[in-house]
Amino acid sequence: MAKNNNHDNSSSPSSSSGNGDQSIPDRDNSRINNSSDSNKSDDDASQKSHDVNMNWREFRAMLYNNYQVEKTDSGAHKQRGTPHVSKPLNQKWAHPLSVPETGCVLLATEKLDGVRSFERTVVLLLRSGTRHPQEGPFGVVINCPLHKKIKHMKPNNNELATTFADCSLHFGGPLEASVFLLRVGKKSKLPGFEEVIPGLCFGAKNSLEEAAELVKRGTLKSQDFKFFVGYAGWQLDQLREEIESGYWHVAACSPNLIFGDSSDSWSESLWKEILQEMGGEYLELSRKPKQDI
């Protein structure tokens, strides 16, 4: 994708012109047949791997949370002569990151106020671009509902017209391709889909049949899917430069913040909610009115 450093109202810093390709980069993992001879030990190993990954993100969040609390309370504890007590992690949590990673979120700063595609947006990075830097990072805006359901778009695809007809649509970004997220919970990794964080995967047009089959078999429900029109993409150095220039805050947050519920009001308040969970200077940013551009 061609690099674009124009930050005016007519184009966003991430609105790459692209090369005419109408699909997201190919998935790493090739399709795997869900064979009946999969044994229980493989399932157990997969579940353990899932738990380790999930615990690692939560453990990091707990360490950050306790560090912040300790900084705030250290003076008072010393004066009283009482030891610092760690606090349990809340169900919803968010904290800043120094560098982007797969599954993190990018929160638009006030520098993107007035940039139509990215003003007050939350972008979930589906890939950070570090494993395949020739492709660059890409993700989807997760807090811009289109206030339409798939059936209102009269889709030609049979699966969209039937299985997913009542699913809501979201604006995912300025680059042309359709992407969907699926919430898999504590289930093993599902063949044909790429994991973003434990419990959440993504797919594209070429994996719609597999997605519909999961619903028909009762493995997942249609409510476990979110569909996005368009996506956001950068060159690796382009996203790094935008972060260094203050266009994005980078954060990790809990899965329930990333996927949330299906209501449009939840989506539209997400930017503010994540900043508030991050606290400190980010809490102040969440209260600032939009800049007049």
# chains A, B, ... in the order shown; residues from 1 in each chain; ligands from 1
>>> residues_around(residues="Leu89 of chain A", least_positions_apart="4", cutoff="10 Å", atoms="only C-alpha atoms", output="NGL selection string")
:A and (58-59 or 61-66 or 93)
>>> closest_atom_pairs(of="segment 217-245 of chain A", to="segment 162-168 of chain A", cutoff="7 Å", atoms="only C-alpha atoms", output="Markdown table")
| residue | atom | partner | partner_atom | distance |
| --- | --- | --- | --- | --- |
| A:Ser222 | CA | A:Phe164 | CA | 6.2 |
| A:Lys226 | CA | A:Ser168 | CA | 6.9 |
| A:Phe227 | CA | A:Ser168 | CA | 6.8 |
>>> atom_distance(atom1="atom CA of Gly172 of chain A", atom2="atom CA of Ala108 of chain A")
14.2 Å
>>> closest_residue(among="A:Ala211, A:Lys111, A:Ser265, A:Ala177", to="Cys144 of chain A", atoms="only C-alpha atoms")
A:Ser265
>>> closest_atom_pairs(of="segment 195-215 of chain A", to="segment 255-258 of chain A", cutoff="9 Å", atoms="only C-alpha atoms", output="tab-separated table")
residue	atom	partner	partner_atom	distance
A:Ile197	CA	A:Pro255	CA	8.0
A:Pro198	CA	A:Pro255	CA	8.6
A:Gly199	CA	A:Pro255	CA	7.9
A:Leu200	CA	A:Pro255	CA	7.9
>>> atom_distance(atom1="atom CA of Asn156 of chain A", atom2="atom CA of Leu220 of chain A")
23.0 Å
>>> residues_around(residues="Ser245 of chain A", least_positions_apart="3", cutoff="12 Å", atoms="only C-alpha atoms", output="count of residues only")
15
>>> residues_around(residues="Gly230 of chain A", least_positions_apart="3", cutoff="10 Å", atoms="only C-alpha atoms", output="MDAnalysis selection string")
chainID A and resid 22:24 139:141 170:179 227 233
>>> write_last_selection(atoms="N, CA, C and O atoms", output="PDB file, in the first residue's frame")
ATOM      1  N   GLN A  22      -8.576  -5.932  -3.774  1.00  0.00           N
ATOM      2  CA  GLN A  22      -9.817  -5.818  -3.017  1.00  0.00           C
ATOM      3  C   GLN A  22      -9.874  -6.792  -1.860  1.00  0.00           C
ATOM      4  O   GLN A  22     -10.926  -7.048  -1.306  1.00  0.00           O
ATOM      5  N   SER A  23      -8.738  -7.367  -1.456  1.00  0.00           N
ATOM      6  CA  SER A  23      -8.761  -8.312  -0.347  1.00  0.00           C
ATOM      7  C   SER A  23      -7.677  -7.964   0.648  1.00  0.00           C
ATOM      8  O   SER A  23      -6.695  -7.306   0.323  1.00  0.00           O
ATOM      9  N   ILE A  24      -7.877  -8.412   1.897  1.00  0.00           N
ATOM     10  CA  ILE A  24      -6.856  -8.191   2.900  1.00  0.00           C
ATOM     11  C   ILE A  24      -5.714  -9.166   2.619  1.00  0.00           C
ATOM     12  O   ILE A  24      -5.868 -10.129   1.874  1.00  0.00           O
ATOM     13  N   GLY A 139      -5.949  -3.391  10.428  1.00  0.00           N
ATOM     14  CA  GLY A 139      -6.956  -3.653  11.432  1.00  0.00           C
ATOM     15  C   GLY A 139      -8.299  -3.083  11.026  1.00  0.00           C
ATOM     16  O   GLY A 139      -8.487  -2.679   9.868  1.00  0.00           O
ATOM     17  N   VAL A 140      -9.228  -3.041  11.976  1.00  0.00           N
ATOM     18  CA  VAL A 140     -10.559  -2.519  11.692  1.00  0.00           C
ATOM     19  C   VAL A 140     -10.975  -1.528  12.780  1.00  0.00           C
ATOM     20  O   VAL A 140     -10.630  -1.692  13.956  1.00  0.00           O
ATOM     21  N   VAL A 141     -11.697  -0.493  12.364  1.00  0.00           N
ATOM     22  CA  VAL A 141     -12.312   0.436  13.307  1.00  0.00           C
ATOM     23  C   VAL A 141     -13.479  -0.304  13.972  1.00  0.00           C
ATOM     24  O   VAL A 141     -14.337  -0.852  13.281  1.00  0.00           O
ATOM     25  N   HIS A 170     -20.562  -2.477  10.496  1.00  0.00           N
ATOM     26  CA  HIS A 170     -19.737  -1.412  11.033  1.00  0.00           C
ATOM     27  C   HIS A 170     -18.789  -0.900   9.950  1.00  0.00           C
ATOM     28  O   HIS A 170     -18.395  -1.650   9.060  1.00  0.00           O
ATOM     29  N   PHE A 171     -18.455   0.377  10.035  1.00  0.00           N
ATOM     30  CA  PHE A 171     -17.412   0.925   9.174  1.00  0.00           C
ATOM     31  C   PHE A 171     -16.073   0.464   9.736  1.00  0.00           C
ATOM     32  O   PHE A 171     -15.747   0.726  10.895  1.00  0.00           O
ATOM     33  N   GLY A 172     -15.288  -0.243   8.892  1.00  0.00           N
ATOM     34  CA  GLY A 172     -14.024  -0.797   9.364  1.00  0.00           C
ATOM     35  C   GLY A 172     -12.801  -0.011   8.966  1.00  0.00           C
ATOM     36  O   GLY A 172     -11.724  -0.195   9.530  1.00  0.00           O
ATOM     37  N   GLY A 173     -12.944   0.882   7.971  1.00  0.00           N
ATOM     38  CA  GLY A 173     -11.797   1.658   7.508  1.00  0.00           C
ATOM     39  C   GLY A 173     -11.950   2.050   6.057  1.00  0.00           C
ATOM     40  O   GLY A 173     -12.880   1.612   5.373  1.00  0.00           O
ATOM     41  N   PRO A 174     -11.014   2.865   5.556  1.00  0.00           N
ATOM     42  CA  PRO A 174     -11.147   3.417   4.202  1.00  0.00           C
ATOM     43  C   PRO A 174     -10.687   2.494   3.072  1.00  0.00           C
ATOM     44  O   PRO A 174     -10.917   2.802   1.911  1.00  0.00           O
ATOM     45  N   LEU A 175     -10.058   1.373   3.390  1.00  0.00           N
ATOM     46  CA  LEU A 175      -9.594   0.457   2.348  1.00  0.00           C
ATOM     47  C   LEU A 175     -10.659  -0.593   2.067  1.00  0.00           C
ATOM     48  O   LEU A 175     -11.342  -1.063   2.979  1.00  0.00           O
ATOM     49  N   GLU A 176     -10.786  -0.968   0.812  1.00  0.00           N
ATOM     50  CA  GLU A 176     -11.923  -1.785   0.380  1.00  0.00           C
ATOM     51  C   GLU A 176     -11.694  -3.278   0.589  1.00  0.00           C
ATOM     52  O   GLU A 176     -10.886  -3.888  -0.103  1.00  0.00           O
ATOM     53  N   ALA A 177     -12.406  -3.825   1.531  1.00  0.00           N
ATOM     54  CA  ALA A 177     -12.488  -5.270   1.766  1.00  0.00           C
ATOM     55  C   ALA A 177     -13.431  -5.476   2.935  1.00  0.00           C
ATOM     56  O   ALA A 177     -13.588  -4.584   3.778  1.00  0.00           O
ATOM     57  N   SER A 178     -14.085  -6.613   2.977  1.00  0.00           N
ATOM     58  CA  SER A 178     -14.979  -6.935   4.076  1.00  0.00           C
ATOM     59  C   SER A 178     -14.267  -7.890   5.030  1.00  0.00           C
ATOM     60  O   SER A 178     -13.633  -8.851   4.601  1.00  0.00           O
ATOM     61  N   VAL A 179     -14.380  -7.607   6.307  1.00  0.00           N
ATOM     62  CA  VAL A 179     -13.740  -8.407   7.352  1.00  0.00           C
ATOM     63  C   VAL A 179     -14.774  -8.686   8.429  1.00  0.00           C
ATOM     64  O   VAL A 179     -15.681  -7.888   8.641  1.00  0.00           O
ATOM     65  N   PHE A 227     -19.449  -7.739  11.586  1.00  0.00           N
ATOM     66  CA  PHE A 227     -19.029  -7.543  10.202  1.00  0.00           C
ATOM     67  C   PHE A 227     -18.641  -6.090   9.948  1.00  0.00           C
ATOM     68  O   PHE A 227     -19.303  -5.164  10.421  1.00  0.00           O
ATOM     69  N   GLY A 233      -5.157   0.166   6.865  1.00  0.00           N
ATOM     70  CA  GLY A 233      -3.848  -0.450   6.663  1.00  0.00           C
ATOM     71  C   GLY A 233      -2.744   0.588   6.535  1.00  0.00           C
ATOM     72  O   GLY A 233      -2.984   1.718   6.107  1.00  0.00           O
TER      73      GLY A 233
END
>>> closest_residue(among="A:Lys87, A:Arg120, A:His95, A:Arg57", to="Gly280 of chain A", atoms="only C-alpha atoms")
A:His95
>>> select_by_dssp(residues="segment 74-202 of chain A", states="helix (DSSP H, G or I)", output="ChimeraX atom specification")
/A:74-80,110-112,150-153,158-161
>>> write_last_selection(atoms="N, CA and C atoms", output="PDB file, in the first residue's frame")
ATOM      1  N   SER A  74       2.013   4.769  47.648  1.00  0.00           N
ATOM      2  CA  SER A  74       3.248   4.452  48.360  1.00  0.00           C
ATOM      3  C   SER A  74       3.517   5.410  49.508  1.00  0.00           C
ATOM      4  N   GLY A  75       3.275   6.705  49.289  1.00  0.00           N
ATOM      5  CA  GLY A  75       3.520   7.684  50.343  1.00  0.00           C
ATOM      6  C   GLY A  75       2.644   7.446  51.549  1.00  0.00           C
ATOM      7  N   ALA A  76       1.373   7.204  51.314  1.00  0.00           N
ATOM      8  CA  ALA A  76       0.433   6.991  52.415  1.00  0.00           C
ATOM      9  C   ALA A  76       0.754   5.714  53.182  1.00  0.00           C
ATOM     10  N   HIS A  77       1.133   4.661  52.445  1.00  0.00           N
ATOM     11  CA  HIS A  77       1.456   3.396  53.110  1.00  0.00           C
ATOM     12  C   HIS A  77       2.705   3.540  53.972  1.00  0.00           C
ATOM     13  N   LYS A  78       3.701   4.288  53.478  1.00  0.00           N
ATOM     14  CA  LYS A  78       4.929   4.479  54.248  1.00  0.00           C
ATOM     15  C   LYS A  78       4.653   5.247  55.532  1.00  0.00           C
ATOM     16  N   GLN A  79       3.799   6.271  55.440  1.00  0.00           N
ATOM     17  CA  GLN A  79       3.484   7.079  56.621  1.00  0.00           C
ATOM     18  C   GLN A  79       2.758   6.250  57.670  1.00  0.00           C
ATOM     19  N   ARG A  80       1.869   5.369  57.197  1.00  0.00           N
ATOM     20  CA  ARG A  80       1.103   4.561  58.149  1.00  0.00           C
ATOM     21  C   ARG A  80       1.855   3.310  58.582  1.00  0.00           C
ATOM     22  N   GLU A 110      -6.519  13.886  19.605  1.00  0.00           N
ATOM     23  CA  GLU A 110      -7.182  15.102  19.127  1.00  0.00           C
ATOM     24  C   GLU A 110      -6.604  15.577  17.796  1.00  0.00           C
ATOM     25  N   LYS A 111      -5.400  15.097  17.422  1.00  0.00           N
ATOM     26  CA  LYS A 111      -4.809  15.485  16.140  1.00  0.00           C
ATOM     27  C   LYS A 111      -5.600  14.938  14.961  1.00  0.00           C
ATOM     28  N   LEU A 112      -6.434  13.935  15.211  1.00  0.00           N
ATOM     29  CA  LEU A 112      -7.264  13.374  14.145  1.00  0.00           C
ATOM     30  C   LEU A 112      -8.691  13.905  14.186  1.00  0.00           C
ATOM     31  N   ILE A 150     -27.034  -6.446   7.699  1.00  0.00           N
ATOM     32  CA  ILE A 150     -26.572  -6.993   6.426  1.00  0.00           C
ATOM     33  C   ILE A 150     -27.718  -7.154   5.439  1.00  0.00           C
ATOM     34  N   LYS A 151     -28.895  -7.554   5.907  1.00  0.00           N
ATOM     35  CA  LYS A 151     -30.021  -7.780   4.997  1.00  0.00           C
ATOM     36  C   LYS A 151     -30.462  -6.495   4.302  1.00  0.00           C
ATOM     37  N   HIS A 152     -30.195  -5.350   4.920  1.00  0.00           N
ATOM     38  CA  HIS A 152     -30.575  -4.074   4.305  1.00  0.00           C
ATOM     39  C   HIS A 152     -29.705  -3.752   3.093  1.00  0.00           C
ATOM     40  N   MET A 153     -28.553  -4.425   2.977  1.00  0.00           N
ATOM     41  CA  MET A 153     -27.640  -4.185   1.856  1.00  0.00           C
ATOM     42  C   MET A 153     -27.935  -5.104   0.668  1.00  0.00           C
ATOM     43  N   ASN A 158     -24.971 -15.908  -0.457  1.00  0.00           N
ATOM     44  CA  ASN A 158     -26.050 -16.655   0.180  1.00  0.00           C
ATOM     45  C   ASN A 158     -25.914 -16.689   1.698  1.00  0.00           C
ATOM     46  N   GLU A 159     -24.696 -16.872   2.195  1.00  0.00           N
ATOM     47  CA  GLU A 159     -24.495 -16.944   3.641  1.00  0.00           C
ATOM     48  C   GLU A 159     -24.827 -15.613   4.316  1.00  0.00           C
ATOM     49  N   LEU A 160     -24.454 -14.518   3.676  1.00  0.00           N
ATOM     50  CA  LEU A 160     -24.776 -13.207   4.234  1.00  0.00           C
ATOM     51  C   LEU A 160     -26.276 -12.945   4.189  1.00  0.00           C
ATOM     52  N   ALA A 161     -26.932 -13.412   3.146  1.00  0.00           N
ATOM     53  CA  ALA A 161     -28.360 -13.163   2.977  1.00  0.00           C
ATOM     54  C   ALA A 161     -29.220 -14.022   3.889  1.00  0.00           C
TER      55      ALA A 161
END
>>> closest_residue(among="A:Leu208, A:Ala232, A:Leu181, A:Val215", to="Gly260 of chain A", atoms="only C-alpha atoms")
A:Leu181
>>> closest_residue(among="A:Leu97, A:Val69, A:Leu214, A:Leu107", to="Gly246 of chain A", atoms="only C-alpha atoms")
A:Leu107
>>> closest_residue(among="A:Ser269, A:Gln91, A:Ser254, A:Asn143", to="Phe228 of chain A", atoms="only C-alpha atoms")
A:Asn143
>>> residues_around(residues="Gly129 of chain A", least_positions_apart="3", cutoff="10 Å", atoms="only C-alpha atoms", output="compact mmCIF listing (two decimals) with C-alpha atoms, in the first residue's frame")
# COMPACT_ATOMS: atom_id res chain seq x y z
CA PRO A 100 1.78 -1.81 18.84
CA GLU A 101 1.14 -5.54 18.86
CA THR A 102 -1.42 -7.85 17.31
CA LEU A 125 -4.94 -4.30 15.01
CA LEU A 126 -5.58 -7.69 13.42
CA HIS A 132 5.35 -9.99 7.86
CA PRO A 133 6.63 -6.42 7.50
CA GLN A 134 6.21 -6.52 3.73
CA GLU A 135 2.45 -6.57 4.31
CA GLY A 136 2.33 -3.87 6.99
CA PRO A 137 -0.07 -3.58 9.93
CA PHE A 138 -3.81 -3.66 9.35
CA GLY A 233 -3.85 -0.45 6.66
CA TRP A 234 -0.40 1.07 6.90
CA GLN A 235 3.16 0.45 5.91
CA LEU A 236 5.16 -0.57 8.98
CA ASP A 237 7.18 2.64 9.16
CA LEU A 239 2.18 3.54 11.50
